[in-house]
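Visitor: Mind having a look at this structure? Questions to follow.
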Amino acid sequence: MRVNIVNKNGQANIRVLIKHPMETGLRKDKATGKVLPANYIQSLKIEHKGQLVVNAKCGVAVSKDPFFYFKVGGVAAGDAIKISWLDNQGKTETKDETVG
Amino acid sequence: MNFDVKRRLMLKGSMVAGMATVAAAAGLLSPTSVLAAWPKAAFDAKSIDSAMSTLLGSSAATNSGDIKIKAPSIAENGAVVNVVVSTKIPDVESISILVEKNGTPLAFTADLAKTVDAFVKTRVKLGKTSKVIGVVKAGGKIFSANKVVKVTVGGCGG
């Protein structure tokens, strides 16, 4: 997961890019003909100083290697930003960042 | 949908909206109330109406000129379509993105705390040429706007 945070006068512009196949569970593997199991991110959360500020939910229609952009206000330099995602197979990743 | 079922949904919807308002009044998103588990029924819904009523409590959205949807008019690759939904409507609780012609229209939804700008940007898949619908829930009311994106290569089914 790659995170970019730009502090624009107290507003954190947060861009998140996650490497993930976002498999719908409807496609077939061309080589084997078997249906590829669904594997997609369901939840993305952003916490600012321990408070949940963005709670996003995704379906299979979010593109492969998903990109998200949110603008979180009321931040100051040094504030902690925590970003985490969870997919339908239970895989999860968390990143702790600091506002610059 | 017959009248009785609709009425049930409306009642259910107003209750959910009521609870969300209480949480919103506190200015916070709390992990236990608003943020229940992943809304499977809404994401599995095959129509826009059922996706919206499951997710937001009602499918009755007011068309709003105050919602801005930024998406390409023509997408060469339906698998990656940039979509920005932003609005000037005050007290935004959530922003959702639906793709009308996808098998399951609901693509993305985000609950936003009061400190967060009423803005989301992400990339979605479009199976074919379709309306992309931005739905904003604000002050317990539901607003929507849409934009047609023409797809020249399908995004689903590789």
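Labels used: A, B, ... for chains in the order of the structure tokens, numbers from 1 for residues in each chain, and numbers from 1 for ligands as shown.
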Quick one: everything within 8 Å of B:Val84, counting only C-alpha atoms, minus sequence neighbours fewer than 3 positions away in the same chain. Send it as a PyMOL selection string.
Guide: chain B and resi 68-71+119-122
Visitor: Could you please take those selected residues and save C-alpha atoms as a compact mmCIF listing (two decimals), in the first residue's frame?
Guide:
# COMPACT_ATOMS: atom_id res chain seq x y z
CA LYS B 68 -20.41 17.34 -9.16
CA ILE B 69 -19.42 14.13 -10.90
CA LYS B 70 -16.14 14.12 -12.69
CA ALA B 71 -15.69 11.15 -15.01
CA PHE B 119 -15.20 14.67 -1.82
CA VAL B 120 -14.22 11.16 -2.90
CA LYS B 121 -12.11 9.96 -5.76
CA THR B 122 -11.61 6.37 -6.83
Visitor: What's the 10 Å shell around B:Trp38, counting only C-alpha atoms, without same-chain residues fewer than 2 positions away, as a PDB file with N, CA and C atoms, in the first residue's frame?
Guide:
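For reference, selection_7.pdb as written:
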ATOM      1  N   GLN A  42     -12.916  -5.013   0.800  1.00  0.00           N
ATOM      2  CA  GLN A  42     -14.279  -4.664   1.207  1.00  0.00           C
ATOM      3  C   GLN A  42     -14.309  -3.385   2.021  1.00  0.00           C
ATOM      4  N   SER A  43     -13.219  -3.121   2.729  1.00  0.00           N
ATOM      5  CA  SER A  43     -13.288  -2.018   3.674  1.00  0.00           C
ATOM      6  C   SER A  43     -11.978  -1.244   3.697  1.00  0.00           C
ATOM      7  N   ALA A  56     -14.856   3.592   4.388  1.00  0.00           N
ATOM      8  CA  ALA A  56     -15.292   3.299   3.029  1.00  0.00           C
ATOM      9  C   ALA A  56     -15.496   1.805   2.852  1.00  0.00           C
ATOM     10  N   LYS A  57     -16.497   1.464   2.029  1.00  0.00           N
ATOM     11  CA  LYS A  57     -16.784   0.069   1.711  1.00  0.00           C
ATOM     12  C   LYS A  57     -16.747  -0.082   0.195  1.00  0.00           C
ATOM     13  N   CYS A  58     -16.113  -1.158  -0.241  1.00  0.00           N
ATOM     14  CA  CYS A  58     -15.990  -1.382  -1.678  1.00  0.00           C
ATOM     15  C   CYS A  58     -16.695  -2.666  -2.080  1.00  0.00           C
ATOM     16  N   GLY A  59     -17.175  -2.666  -3.326  1.00  0.00           N
ATOM     17  CA  GLY A  59     -17.677  -3.891  -3.931  1.00  0.00           C
ATOM     18  C   GLY A  59     -16.685  -4.347  -4.983  1.00  0.00           C
ATOM     19  N   ASN A  88     -12.110  -9.584   1.341  1.00  0.00           N
ATOM     20  CA  ASN A  88     -13.123 -10.598   1.651  1.00  0.00           C
ATOM     21  C   ASN A  88     -12.495 -11.915   2.102  1.00  0.00           C
TER      22      ASN A  88
ATOM     23  N   LEU B  35     -20.895   2.046  11.740  1.00  0.00           N
ATOM     24  CA  LEU B  35     -19.967   1.239  10.977  1.00  0.00           C
ATOM     25  C   LEU B  35     -20.130  -0.236  11.216  1.00  0.00           C
ATOM     26  N   ALA B  36     -21.289  -0.718  10.914  1.00  0.00           N
ATOM     27  CA  ALA B  36     -21.514  -2.148  11.052  1.00  0.00           C
ATOM     28  C   ALA B  36     -20.656  -2.876  10.029  1.00  0.00           C
ATOM     29  N   LYS B  40     -23.337  -6.475   2.826  1.00  0.00           N
ATOM     30  CA  LYS B  40     -23.378  -7.471   1.756  1.00  0.00           C
ATOM     31  C   LYS B  40     -24.629  -7.344   0.886  1.00  0.00           C
ATOM     32  N   ALA B  41     -25.780  -7.183   1.529  1.00  0.00           N
ATOM     33  CA  ALA B  41     -27.036  -7.131   0.779  1.00  0.00           C
ATOM     34  C   ALA B  41     -27.036  -5.973  -0.220  1.00  0.00           C
ATOM     35  N   ALA B  42     -26.468  -4.832   0.191  1.00  0.00           N
ATOM     36  CA  ALA B  42     -26.448  -3.668  -0.689  1.00  0.00           C
ATOM     37  C   ALA B  42     -25.510  -3.900  -1.872  1.00  0.00           C
ATOM     38  N   PHE B  43     -24.365  -4.528  -1.583  1.00  0.00           N
ATOM     39  CA  PHE B  43     -23.413  -4.764  -2.672  1.00  0.00           C
ATOM     40  C   PHE B  43     -23.879  -5.895  -3.594  1.00  0.00           C
TER      41      PHE B  43
END
Visitor: Skipping near chain neighbours, those fewer than 5 positions away, what residues fall within 6 Å of B:Ser59 using only C-alpha atoms, listed as a ChimeraX atom specification?
Guide: /B:49,52-53
Visitor: Save out the residues we just selected, C-alpha atoms, as a tab-separated table (two decimals), in the first residue's frame.
Guide:
chain	number	residue	atom	x	y	z
B	49	ASP	CA	-33.36	0.92	-6.11
B	52	MET	CA	-29.91	2.28	-2.31
B	53	SER	CA	-32.77	1.27	-0.06
Visitor: Which one is closest to chain A: B:Ile74, B:Leu98, B:Leu56, B:Ala145? Count only C-alpha atoms.
Guide: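 Residue with the minimum atom-to-atom distance to chain A: B:Leu98.
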Visitor: Residues of chain A within 6 Å of chain B, counting only C-alpha atoms - could you list those as a PDB file with C-alpha atoms, in the first residue's frame?
Guide:
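selection27.pdb, written as the output of this step:
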ATOM      1  CA  ARG A  27     -14.035 -14.385 -14.249  1.00  0.00           C
ATOM      2  CA  LEU A  52     -12.298   7.127  12.530  1.00  0.00           C
ATOM      3  CA  VAL A  53     -12.896   9.824   9.906  1.00  0.00           C
ATOM      4  CA  VAL A  54     -13.369   7.842   6.693  1.00  0.00           C
ATOM      5  CA  ASN A  55     -15.128   4.506   6.607  1.00  0.00           C
ATOM      6  CA  ALA A  56     -15.292   3.299   3.029  1.00  0.00           C
ATOM      7  CA  LYS A  57     -16.784   0.069   1.711  1.00  0.00           C
ATOM      8  CA  CYS A  58     -15.990  -1.382  -1.678  1.00  0.00           C
ATOM      9  CA  GLY A  59     -17.677  -3.891  -3.931  1.00  0.00           C
ATOM     10  CA  ALA A  61     -16.651  -2.919  -9.148  1.00  0.00           C
ATOM     11  CA  VAL A  62     -13.722  -1.010  -7.685  1.00  0.00           C
ATOM     12  CA  SER A  63     -10.837  -1.310 -10.135  1.00  0.00           C
ATOM     13  CA  PHE A  67      -6.858   4.163  -5.757  1.00  0.00           C
ATOM     14  CA  PHE A  68      -8.622   6.369  -3.217  1.00  0.00           C
ATOM     15  CA  TYR A  69      -8.409  10.063  -2.523  1.00  0.00           C
ATOM     16  CA  PHE A  70      -9.915  11.784   0.518  1.00  0.00           C
ATOM     17  CA  LYS A  71      -9.501  15.238   2.011  1.00  0.00           C
ATOM     18  CA  VAL A  72      -9.441  15.186   5.791  1.00  0.00           C
ATOM     19  CA  GLY A  73      -9.727  18.576   7.451  1.00  0.00           C
TER      20      GLY A  73
END
Visitor: Using DSSP on the backbone coordinates, identify all residues within stretch 50-109 of chain B classified as helix (DSSP H, G or I); present the result as a list of chain:residue names.
Guide: B:Ser50, B:Ala51, B:Met52, B:Ser53, B:Thr54, B:Leu55, B:Leu56
Visitor: What residues in stretch 10-151 of chain B get the DSSP label strand (DSSP E)? Please answer as a ChimeraX atom specification.
Guide: /B:62-63,67-70,74-75,81-87,92-99,106-112,119-124,130-138,141-151
Visitor: Which distance in Å separates atom CA of A:Ile14 and atom CA of B:Thr87, to one decimal?
Guide: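 Atom-to-atom, atom CA of A:Ile14 to atom CA of B:Thr87, that is 18.0 Å.
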Visitor: Go ahead and compute the interatomic distance for atom CA of A:His20 and atom CA of A:Val3, in Å to one decimal.
Guide: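 According to the coordinates, atom CA of A:His20 and atom CA of A:Val3 are separated by 14.5 Å.
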Visitor: Quick one: pull the distance between atom CA of A:Thr24 and atom CA of A:Asp96, Å, one decimal.
Guide: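 Computing the Euclidean distance for atom CA of A:Thr24 and atom CA of A:Asp96 yields 28.8 Å.
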Visitor: Name the closest residue to A:Val99 among the candidates A:Trp85, A:Met1, A:Ile46, A:Asn13; distances are taken between atoms, counting only C-alpha atoms.
Guide: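 Among A:Trp85, A:Met1, A:Ile46, A:Asn13, it is A:Asn13 that comes nearest to A:Val99.
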Visitor: Using only C-alpha atoms, which residue out of A:Val60, A:Thr32, A:Thr98, A:Gln89 lies closest to A:Ala77?
Guide: A:Thr98
